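Worksheet for the structure shown next.
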Protein chains: 2
Amino acid sequence: MQEKADGQNYAPQGRAEPVCGPGEFPVGVIGLDHGHIYGMCNGLSEAGADIALVWDPDPARVELFRKSFPSAKAAASKAHILEDASVKLIASAAIPADRCRIGIEAMDYGKDYFADKPPLVSREQLEQARSCVSCTGRKFNVYYSERLHVEAAVCAENLLAQGAIGKVAHVMGLGPHRLGAPSRPEWFWDRARYGGILVDIGCHQIEQILVYAGAETAKIISAGVANYHNKNHPDFEDFGCASLVCDNGVLGYFRVDWFTPDGLGAWGDGRVFIVGTDGYIEIRKYIDPASDREGDHLILVNREGEQHIKAAGTCGFPFFGNFIRDCLGRAQTAMTQEHVFTVMELAISAQEHALASGVGGFKG
Amino acid sequence: MQEKADGQNYAPQGRAEPVCGPGEFPVGVIGLDHGHIYGMCNGLSEAGADIALVWDPDPARVELFRKSFPSAKAAASKAHILEDASVKLIASAAIPADRCRIGIEAMDYGKDYFADKPPLVSREQLEQARSCVSCTGRKFNVYYSERLHVEAAVCAENLLAQGAIGKVAHVMGLGPHRLGAPSRPEWFWDRARYGGILVDIGCHQIEQILVYAGAETAKIISAGVANYHNKNHPDFEDFGCASLVCDNGVLGYFRVDWFTPDGLGAWGDGRVFIVGTDGYIEIRKYIDPASDREGDHLILVNREGEQHIKAAGTCGFPFFGNFIRDCLGRAQTAMTQEHVFTVMELAISAQEHALASGVGGFKG
């Protein structure tokens, strides 16, 4: 399943590069509310995991999932998965507001956890997750797909490490998404359940900004959310933006929205711009509009000239293998636990900042 | 003179479309410190103005100017131009901090004024200019070239007017510039004389945001400036950014910098992104990096699909003819006087906001 036009069912596929043997890393899947679970399980199984068990309250969703992952047995209940001692990791794309609770149950059962973003939607849930990680020593990790599952984004990280644009000064992300309103479930429109746009899809952007800036954390300096064009869903936010300053002085900005027009040949024209002291990088993640329907374009401009790098098939998705090795070896090479939580803390701060400032939305 | 690699000497040329007869609109030029004067005079003369007189303290600069505009007589002094009753308009690209004073002299002599951006660098100068316009009824206009003298930017305005992307929700501008440090005069590095980066090159961006947003004014909600990479010029700012909310609720953001790498085939990869409720526009003003060294690219994505519009030669630069007709007919079709001042007030506010917040610059 790799539906380019539909973000909720966009599930990238890569090369199989197992980092563990068969049976060494069984994964139990709990909660299939969001199609991202397919991308999560693609990445894990390509890296050697066994998608062993699956449960969701809706048997039809379970059957559909098993068409893509026939190795997964339909579990009789959630408890059946949690109680299975062989399962090393619980993966979930339940409703955002429910993801944290599932993670806490998983960690309490001694398992690591891998949630779709956002893995939680409130400060209270963040504290619960932090506390549970601290008590259990288990991992609470997140599928920040817009960086982890985009080869051009991986390529950008490699180029930065090679010093291709000098020292990074500014990182900007644009995250437009296709709304596809008729196909959306009830929870999609309910802020308490999806978390607000800066939490839901803003966390991707914050995650990227911190990583490309080489920063540990940041401060939100301004933020706005709006419902510009979906007044029939008064609790929905179709637009959000925020400005950040990172702890190392790098500045950042992002814009997220649900305005991808029907005429675009992808679910969103996601971009990243990284300005360094010696050059800049632009990523066109999912499409090069009016030029190429394939994604993974990277434009690199530095002293040497202008390059258009087609990153597809070049660097794979190292996150998944690193994460599995981290779980097996109790390391933090794929992503630190503190990074996961810092990103969500900033996303929640941005959302709070925007709601408090009241910025955004047509006037008059 | 149309030097693509060098922003300070980049002077677009268009079709001659005179809106007045020979001798009807004589222009006097005072102050040649910035090469933008060539673009200003190209635009005016293509629209029918006579570049009649020129003065600058440096006779060599006057002679160079007269190679491009042989109709211009070298005046013996500034007063000689101001006192010439036939001159309708004074155009100036003097040092930014000096432009306002020249404008006030021009208006006091009953002439309209057209300054390179920024036309002033402080709140005090802004009040002086406002007051003089109010007393004399003369025009104090500005060469906001990044919108007025870019055909793709004019094309974008036309598309918005046609409703091509619905109602605008967000406008973002990226204004990178090539530093070309060895060729820069002393005043370029002195904040008191260039005004700070958000005044100097930020005013372009604010101007665009207001126009594309269809807004009268805006509020700065965050801003930052930094000197990331030019520590040998401690008073220089090589980076700036700001977030705005317009009076009609449209959100805006811009980033400006002096980091254009040597390998880019233009002085800056200027971009604008406009998100509407029914589509979006991207402008690649001066180059399509790693694809096309010519500028004026516009990407339009809406319900109908994705289009790459090459705007060069399609819509010209209507500002100059409109401005001349405005001067002759005492109208404000090209740009209102209030818009000119509002833009500069916001640019100064952004600069103040950034300096007060202390945001930006590498830490540690």
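Residues are named by chain letter and number: chains run A, B, ... in the order of the structure tokens, numbers start at 1 in each chain, and ligands are numbered from 1 in the order shown.
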Among the residues of stretch 133-182 of chain B, find those DSSP assigns to strand (DSSP E) from the backbone and print them as a ChimeraX atom specification.
-> /B:140-143,168-176
Write a file of the just-selected residues containing all heavy atoms, as a JSON list (two decimals), in the first residue's frame.
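Okay, selection_25.json is ready:
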[["chain", "number", "residue", "atom", "x", "y", "z"],
["B", 140, "PHE", "N", 5.79, 60.27, -1.85],
["B", 140, "PHE", "CA", 7.03, 59.66, -1.33],
["B", 140, "PHE", "C", 6.89, 58.17, -1.64],
["B", 140, "PHE", "O", 6.27, 57.44, -0.88],
["B", 140, "PHE", "CB", 7.11, 59.94, 0.17],
["B", 140, "PHE", "CG", 8.37, 59.45, 0.85],
["B", 140, "PHE", "CD1", 9.43, 60.33, 1.05],
["B", 140, "PHE", "CD2", 8.49, 58.15, 1.33],
["B", 140, "PHE", "CE1", 10.59, 59.90, 1.72],
["B", 140, "PHE", "CE2", 9.64, 57.72, 2.00],
["B", 140, "PHE", "CZ", 10.69, 58.60, 2.18],
["B", 141, "ASN", "N", 7.42, 57.76, -2.78],
["B", 141, "ASN", "CA", 7.20, 56.37, -3.20],
["B", 141, "ASN", "C", 8.51, 55.58, -3.17],
["B", 141, "ASN", "O", 9.59, 56.15, -3.05],
["B", 141, "ASN", "CB", 6.53, 56.32, -4.58],
["B", 141, "ASN", "CG", 5.57, 55.14, -4.69],
["B", 141, "ASN", "OD1", 5.83, 54.07, -4.13],
["B", 141, "ASN", "ND2", 4.48, 55.31, -5.40],
["B", 142, "VAL", "N", 8.38, 54.27, -3.26],
["B", 142, "VAL", "CA", 9.54, 53.40, -3.03],
["B", 142, "VAL", "C", 9.62, 52.30, -4.09],
["B", 142, "VAL", "O", 8.60, 51.75, -4.50],
["B", 142, "VAL", "CB", 9.46, 52.77, -1.62],
["B", 142, "VAL", "CG1", 10.63, 51.83, -1.38],
["B", 142, "VAL", "CG2", 9.43, 53.86, -0.56],
["B", 143, "TYR", "N", 10.83, 52.00, -4.47],
["B", 143, "TYR", "CA", 11.12, 50.94, -5.44],
["B", 143, "TYR", "C", 11.19, 49.59, -4.71],
["B", 143, "TYR", "O", 12.26, 49.11, -4.39],
["B", 143, "TYR", "CB", 12.45, 51.28, -6.12],
["B", 143, "TYR", "CG", 12.94, 50.29, -7.16],
["B", 143, "TYR", "CD1", 12.17, 49.97, -8.29],
["B", 143, "TYR", "CD2", 14.21, 49.72, -7.07],
["B", 143, "TYR", "CE1", 12.66, 49.11, -9.26],
["B", 143, "TYR", "CE2", 14.70, 48.86, -8.04],
["B", 143, "TYR", "CZ", 13.92, 48.55, -9.13],
["B", 143, "TYR", "OH", 14.40, 47.71, -10.10],
["B", 168, "VAL", "N", -6.63, 33.86, 0.02],
["B", 168, "VAL", "CA", -5.27, 33.67, 0.53],
["B", 168, "VAL", "C", -5.30, 33.51, 2.06],
["B", 168, "VAL", "O", -5.96, 34.27, 2.77],
["B", 168, "VAL", "CB", -4.38, 34.87, 0.14],
["B", 168, "VAL", "CG1", -3.02, 34.79, 0.83],
["B", 168, "VAL", "CG2", -4.21, 34.92, -1.37],
["B", 169, "ALA", "N", -4.56, 32.50, 2.54],
["B", 169, "ALA", "CA", -4.47, 32.25, 3.99],
["B", 169, "ALA", "C", -3.07, 32.51, 4.54],
["B", 169, "ALA", "O", -2.91, 32.86, 5.71],
["B", 169, "ALA", "CB", -4.88, 30.81, 4.30],
["B", 170, "HIS", "N", -2.04, 32.33, 3.72],
["B", 170, "HIS", "CA", -0.66, 32.46, 4.20],
["B", 170, "HIS", "C", 0.25, 32.92, 3.06],
["B", 170, "HIS", "O", 0.11, 32.46, 1.93],
["B", 170, "HIS", "CB", -0.16, 31.10, 4.72],
["B", 170, "HIS", "CG", 1.16, 31.15, 5.43],
["B", 170, "HIS", "ND1", 2.35, 30.81, 4.84],
["B", 170, "HIS", "CD2", 1.48, 31.52, 6.70],
["B", 170, "HIS", "CE1", 3.34, 30.95, 5.72],
["B", 170, "HIS", "NE2", 2.84, 31.38, 6.84],
["B", 171, "VAL", "N", 1.14, 33.84, 3.39],
["B", 171, "VAL", "CA", 2.12, 34.33, 2.41],
["B", 171, "VAL", "C", 3.51, 34.23, 3.04],
["B", 171, "VAL", "O", 3.71, 34.66, 4.18],
["B", 171, "VAL", "CB", 1.86, 35.80, 2.01],
["B", 171, "VAL", "CG1", 2.84, 36.23, 0.92],
["B", 171, "VAL", "CG2", 0.42, 36.00, 1.55],
["B", 172, "MET", "N", 4.44, 33.67, 2.28],
["B", 172, "MET", "CA", 5.79, 33.53, 2.81],
["B", 172, "MET", "C", 6.81, 33.94, 1.77],
["B", 172, "MET", "O", 6.69, 33.57, 0.60],
["B", 172, "MET", "CB", 6.02, 32.07, 3.19],
["B", 172, "MET", "CG", 7.32, 31.86, 3.88],
["B", 172, "MET", "SD", 7.40, 30.19, 4.53],
["B", 172, "MET", "CE", 7.74, 29.35, 3.01],
["B", 173, "GLY", "N", 7.79, 34.70, 2.19],
["B", 173, "GLY", "CA", 8.83, 35.14, 1.27],
["B", 173, "GLY", "C", 10.20, 34.75, 1.76],
["B", 173, "GLY", "O", 10.50, 34.85, 2.96],
["B", 174, "LEU", "N", 11.04, 34.30, 0.83],
["B", 174, "LEU", "CA", 12.43, 33.99, 1.14],
["B", 174, "LEU", "C", 13.29, 34.92, 0.31],
["B", 174, "LEU", "O", 13.18, 34.93, -0.92],
["B", 174, "LEU", "CB", 12.76, 32.54, 0.78],
["B", 174, "LEU", "CG", 11.80, 31.47, 1.31],
["B", 174, "LEU", "CD1", 12.28, 30.07, 0.95],
["B", 174, "LEU", "CD2", 11.63, 31.60, 2.81],
["B", 175, "GLY", "N", 14.12, 35.71, 0.97],
["B", 175, "GLY", "CA", 14.92, 36.71, 0.26],
["B", 175, "GLY", "C", 16.41, 36.59, 0.52],
["B", 175, "GLY", "O", 17.00, 37.48, 1.13],
["B", 176, "PRO", "N", 17.03, 35.50, 0.04],
["B", 176, "PRO", "CA", 18.48, 35.39, 0.18],
["B", 176, "PRO", "C", 19.20, 36.32, -0.80],
["B", 176, "PRO", "O", 18.71, 36.55, -1.90],
["B", 176, "PRO", "CB", 18.76, 33.92, -0.17],
["B", 176, "PRO", "CG", 17.62, 33.52, -1.06],
["B", 176, "PRO", "CD", 16.44, 34.35, -0.67]]
At a cut-off of 6 Å, list the chain B residues touching chain A, using only C-alpha atoms, as a PyMOL selection string.
-> chain B and resi 222+248-249+261-264+279+290+302-308+360-363
Just to be explicit: take each residue in the selection above, keep C-alpha atoms, and write the result as a PDB file, in the first residue's frame.
ATOM      1  CA  SER B 222       7.998  37.565  16.299  1.00  0.00           C
ATOM      2  CA  ASN B 248      -7.518  40.464   7.743  1.00  0.00           C
ATOM      3  CA  GLY B 249      -6.244  37.379   9.591  1.00  0.00           C
ATOM      4  CA  PRO B 261      26.497  30.664  -2.087  1.00  0.00           C
ATOM      5  CA  ASP B 262      29.015  31.387  -4.841  1.00  0.00           C
ATOM      6  CA  GLY B 263      27.804  28.400  -6.843  1.00  0.00           C
ATOM      7  CA  LEU B 264      24.316  29.810  -7.478  1.00  0.00           C
ATOM      8  CA  GLY B 279      -4.582  26.106  -4.247  1.00  0.00           C
ATOM      9  CA  ALA B 290      19.665  23.275 -10.806  1.00  0.00           C
ATOM     10  CA  ASN B 302      -5.078  24.199  -7.824  1.00  0.00           C
ATOM     11  CA  ARG B 303      -8.063  21.975  -8.576  1.00  0.00           C
ATOM     12  CA  GLU B 304      -7.175  21.924 -12.262  1.00  0.00           C
ATOM     13  CA  GLY B 305      -3.683  20.535 -11.752  1.00  0.00           C
ATOM     14  CA  GLU B 306      -0.048  21.622 -11.615  1.00  0.00           C
ATOM     15  CA  GLN B 307       1.273  24.328 -13.955  1.00  0.00           C
ATOM     16  CA  HIS B 308       4.739  25.734 -14.449  1.00  0.00           C
ATOM     17  CA  GLY B 360      19.246  34.683  16.696  1.00  0.00           C
ATOM     18  CA  GLY B 361      22.988  34.061  16.496  1.00  0.00           C
ATOM     19  CA  PHE B 362      25.009  30.937  17.322  1.00  0.00           C
ATOM     20  CA  LYS B 363      25.253  30.092  20.988  1.00  0.00           C
TER      21      LYS B 363
END
What's the 9 Å shell around A:Cys203, counting only C-alpha atoms, without same-chain residues fewer than 3 positions away, as an MDAnalysis selection string?
-> chainID A and resid 117:118 144 197:200 206:208 343:344 346:348
Output N, CA, C and O atoms of each residue in that selection to a file, as a PDB file, in the first residue's frame.
ATOM      1  N   LYS A 117       2.842   9.225  15.029  1.00  0.00           N
ATOM      2  CA  LYS A 117       2.797  10.596  15.576  1.00  0.00           C
ATOM      3  C   LYS A 117       1.383  11.105  15.470  1.00  0.00           C
ATOM      4  O   LYS A 117       0.716  10.726  14.502  1.00  0.00           O
ATOM      5  N   PRO A 118       0.883  11.939  16.374  1.00  0.00           N
ATOM      6  CA  PRO A 118       1.513  12.269  17.639  1.00  0.00           C
ATOM      7  C   PRO A 118       1.285  11.129  18.628  1.00  0.00           C
ATOM      8  O   PRO A 118       0.205  10.546  18.666  1.00  0.00           O
ATOM      9  N   TYR A 144       8.206   9.490  13.329  1.00  0.00           N
ATOM     10  CA  TYR A 144       8.261  10.832  12.729  1.00  0.00           C
ATOM     11  C   TYR A 144       8.582  10.654  11.236  1.00  0.00           C
ATOM     12  O   TYR A 144       9.687  10.924  10.766  1.00  0.00           O
ATOM     13  N   ILE A 197      -3.563  20.958  15.414  1.00  0.00           N
ATOM     14  CA  ILE A 197      -2.715  20.776  14.226  1.00  0.00           C
ATOM     15  C   ILE A 197      -1.223  20.880  14.545  1.00  0.00           C
ATOM     16  O   ILE A 197      -0.397  20.204  13.925  1.00  0.00           O
ATOM     17  N   LEU A 198      -0.849  21.694  15.530  1.00  0.00           N
ATOM     18  CA  LEU A 198       0.588  21.850  15.811  1.00  0.00           C
ATOM     19  C   LEU A 198       1.145  20.635  16.556  1.00  0.00           C
ATOM     20  O   LEU A 198       2.338  20.344  16.486  1.00  0.00           O
ATOM     21  N   VAL A 199       0.254  19.925  17.257  1.00  0.00           N
ATOM     22  CA  VAL A 199       0.657  18.659  17.873  1.00  0.00           C
ATOM     23  C   VAL A 199       0.634  17.555  16.818  1.00  0.00           C
ATOM     24  O   VAL A 199       1.617  16.835  16.627  1.00  0.00           O
ATOM     25  N   ASP A 200      -0.467  17.452  16.096  1.00  0.00           N
ATOM     26  CA  ASP A 200      -0.687  16.333  15.175  1.00  0.00           C
ATOM     27  C   ASP A 200       0.347  16.304  14.052  1.00  0.00           C
ATOM     28  O   ASP A 200       1.094  15.335  13.905  1.00  0.00           O
ATOM     29  N   ILE A 206       8.782  20.114  13.995  1.00  0.00           N
ATOM     30  CA  ILE A 206       9.670  20.445  15.115  1.00  0.00           C
ATOM     31  C   ILE A 206      10.796  19.421  15.193  1.00  0.00           C
ATOM     32  O   ILE A 206      11.960  19.767  15.405  1.00  0.00           O
ATOM     33  N   GLU A 207      10.422  18.166  14.967  1.00  0.00           N
ATOM     34  CA  GLU A 207      11.426  17.097  15.010  1.00  0.00           C
ATOM     35  C   GLU A 207      12.515  17.346  13.970  1.00  0.00           C
ATOM     36  O   GLU A 207      13.716  17.251  14.263  1.00  0.00           O
ATOM     37  N   GLN A 208      12.097  17.689  12.767  1.00  0.00           N
ATOM     38  CA  GLN A 208      13.069  17.972  11.695  1.00  0.00           C
ATOM     39  C   GLN A 208      13.937  19.166  12.028  1.00  0.00           C
ATOM     40  O   GLN A 208      15.135  19.163  11.768  1.00  0.00           O
ATOM     41  N   VAL A 343      10.466  16.902  21.568  1.00  0.00           N
ATOM     42  CA  VAL A 343       9.669  17.264  20.394  1.00  0.00           C
ATOM     43  C   VAL A 343       8.208  17.435  20.787  1.00  0.00           C
ATOM     44  O   VAL A 343       7.560  18.431  20.418  1.00  0.00           O
ATOM     45  N   MET A 344       7.688  16.488  21.554  1.00  0.00           N
ATOM     46  CA  MET A 344       6.265  16.558  21.903  1.00  0.00           C
ATOM     47  C   MET A 344       5.992  17.701  22.883  1.00  0.00           C
ATOM     48  O   MET A 344       4.947  18.359  22.813  1.00  0.00           O
ATOM     49  N   LEU A 346       7.574  20.523  22.891  1.00  0.00           N
ATOM     50  CA  LEU A 346       7.570  21.740  22.070  1.00  0.00           C
ATOM     51  C   LEU A 346       6.293  21.832  21.232  1.00  0.00           C
ATOM     52  O   LEU A 346       5.738  22.923  21.042  1.00  0.00           O
ATOM     53  N   ALA A 347       5.827  20.708  20.732  1.00  0.00           N
ATOM     54  CA  ALA A 347       4.601  20.720  19.926  1.00  0.00           C
ATOM     55  C   ALA A 347       3.411  21.160  20.789  1.00  0.00           C
ATOM     56  O   ALA A 347       2.577  21.964  20.355  1.00  0.00           O
ATOM     57  N   ILE A 348       3.364  20.647  22.001  1.00  0.00           N
ATOM     58  CA  ILE A 348       2.283  21.048  22.911  1.00  0.00           C
ATOM     59  C   ILE A 348       2.432  22.520  23.281  1.00  0.00           C
ATOM     60  O   ILE A 348       1.447  23.272  23.314  1.00  0.00           O
TER      61      ILE A 348
END
Pick out the residues sitting within 10 Å of A:Cys327, and hand them over as a ChimeraX atom specification; count only C-alpha atoms, and ignore anything fewer than 6 positions along from it in its own chain.
-> /A:25,88-89,111-113,138-139,321,334
Restrict the selected residues to N, CA and C atoms and save them as a short mmCIF file (atom, residue, chain, number, x, y, z; two decimals), in the first residue's frame.
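Saved as out_32.cif:
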data_model
loop_
_atom_site.label_atom_id
_atom_site.label_comp_id
_atom_site.auth_asym_id
_atom_site.auth_seq_id
_atom_site.Cartn_x
_atom_site.Cartn_y
_atom_site.Cartn_z
N PHE A 25 12.82 -10.52 16.65
CA PHE A 25 12.18 -9.26 17.05
C PHE A 25 10.70 -9.25 16.66
N LYS A 88 8.42 -8.23 21.49
CA LYS A 88 9.42 -7.27 22.00
C LYS A 88 8.91 -5.82 21.92
N LEU A 89 8.09 -5.55 20.91
CA LEU A 89 7.69 -4.17 20.64
C LEU A 89 6.21 -4.12 20.32
N LYS A 111 7.50 -4.16 27.49
CA LYS A 111 7.77 -4.07 26.04
C LYS A 111 8.15 -2.64 25.65
N ASP A 112 8.92 -2.54 24.58
CA ASP A 112 9.16 -1.22 24.00
C ASP A 112 7.94 -0.83 23.18
N TYR A 113 7.89 0.47 22.85
CA TYR A 113 6.68 0.99 22.20
C TYR A 113 7.08 1.88 21.03
N ARG A 138 11.78 1.15 29.64
CA ARG A 138 11.38 0.78 28.26
C ARG A 138 11.41 2.01 27.36
N LYS A 139 11.30 1.75 26.06
CA LYS A 139 11.35 2.83 25.06
C LYS A 139 9.96 3.24 24.61
N GLY A 321 16.26 -0.12 11.27
CA GLY A 321 17.28 -1.07 11.72
C GLY A 321 17.96 -0.59 12.99
N ALA A 334 19.23 5.30 17.23
CA ALA A 334 18.23 5.73 16.23
C ALA A 334 17.66 7.09 16.61
#
Report the residues of stretch 41-259 of chain A whose backbone DSSP state falls under helix (DSSP H, G or I), written as an MDAnalysis selection string.
-> chainID A and resid 41:46 59:68 78:82 96:108 123:136 145:148 151:161 181:183 186:189 191:194 197:200 202:213
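Residues with any atom within 8 Å of A:Val19, counting only C-alpha atoms and excluding same-chain neighbours fewer than 6 positions away, are A:Ala47, A:Gly48, A:Gly321, A:Ile324, A:Arg325.
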Fewer than 5 positions away in the same chain doesn't count, so skip those; otherwise give me all residues within 9 Å of B:Lys78, counting only C-alpha atoms, as a tab-separated table (two decimals) with N, CA, C and O atoms, in the first residue's frame.
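Written file, result.tsv:
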chain	number	residue	atom	x	y	z
B	30	ILE	N	19.19	61.95	-7.95
B	30	ILE	CA	20.11	62.46	-6.92
B	30	ILE	C	20.58	61.29	-6.05
B	30	ILE	O	19.78	60.71	-5.31
B	54	VAL	N	21.15	64.33	-13.57
B	54	VAL	CA	21.71	63.44	-12.55
B	54	VAL	C	22.80	64.17	-11.78
B	54	VAL	O	23.59	64.93	-12.34
B	55	TRP	N	22.78	63.89	-10.48
B	55	TRP	CA	23.85	64.43	-9.64
B	55	TRP	C	24.24	63.42	-8.58
B	55	TRP	O	23.40	62.69	-8.02
B	56	ASP	N	25.52	63.35	-8.32
B	56	ASP	CA	26.07	62.53	-7.24
B	56	ASP	C	27.39	63.19	-6.87
B	56	ASP	O	28.04	63.80	-7.72
B	57	PRO	N	27.79	63.10	-5.59
B	57	PRO	CA	29.07	63.72	-5.21
B	57	PRO	C	30.26	63.14	-5.99
B	57	PRO	O	31.28	63.80	-6.13
B	83	GLU	N	16.00	72.88	-8.06
B	83	GLU	CA	15.47	74.19	-8.48
B	83	GLU	C	14.96	74.20	-9.92
B	83	GLU	O	14.38	75.20	-10.36
Pairwise distance for atom CA of A:Asp58 and atom CA of A:Ala74, rounded to one decimal in Å =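 So the answer is 11.1 Å.
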Find the spatial neighbours of B:Cys132, counting only C-alpha atoms, within a cut-off of 12 Å - ignore same-chain residues fewer than 2 positions away - and output them as a list in words.
-> Cys100, Arg101, Ile102, Gly103, Ile104, Glu105, Ala106, Met107, Asp108, Tyr109, Gly110, Lys111, Asp112, Tyr113, Gln125, Leu126, Glu127, Gln128, Ala129, Arg130, Ser134, Cys135, Thr136, Gly137, Arg138, Lys139 and Phe140 of chain B
Atom-to-atom span, atom CA of A:Glu24 and atom CA of A:Phe323, Å = 13.7 Å
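Taking atom CA of B:Tyr38 and atom CA of B:Asn322 as endpoints, the distance between them is 18.9 Å.
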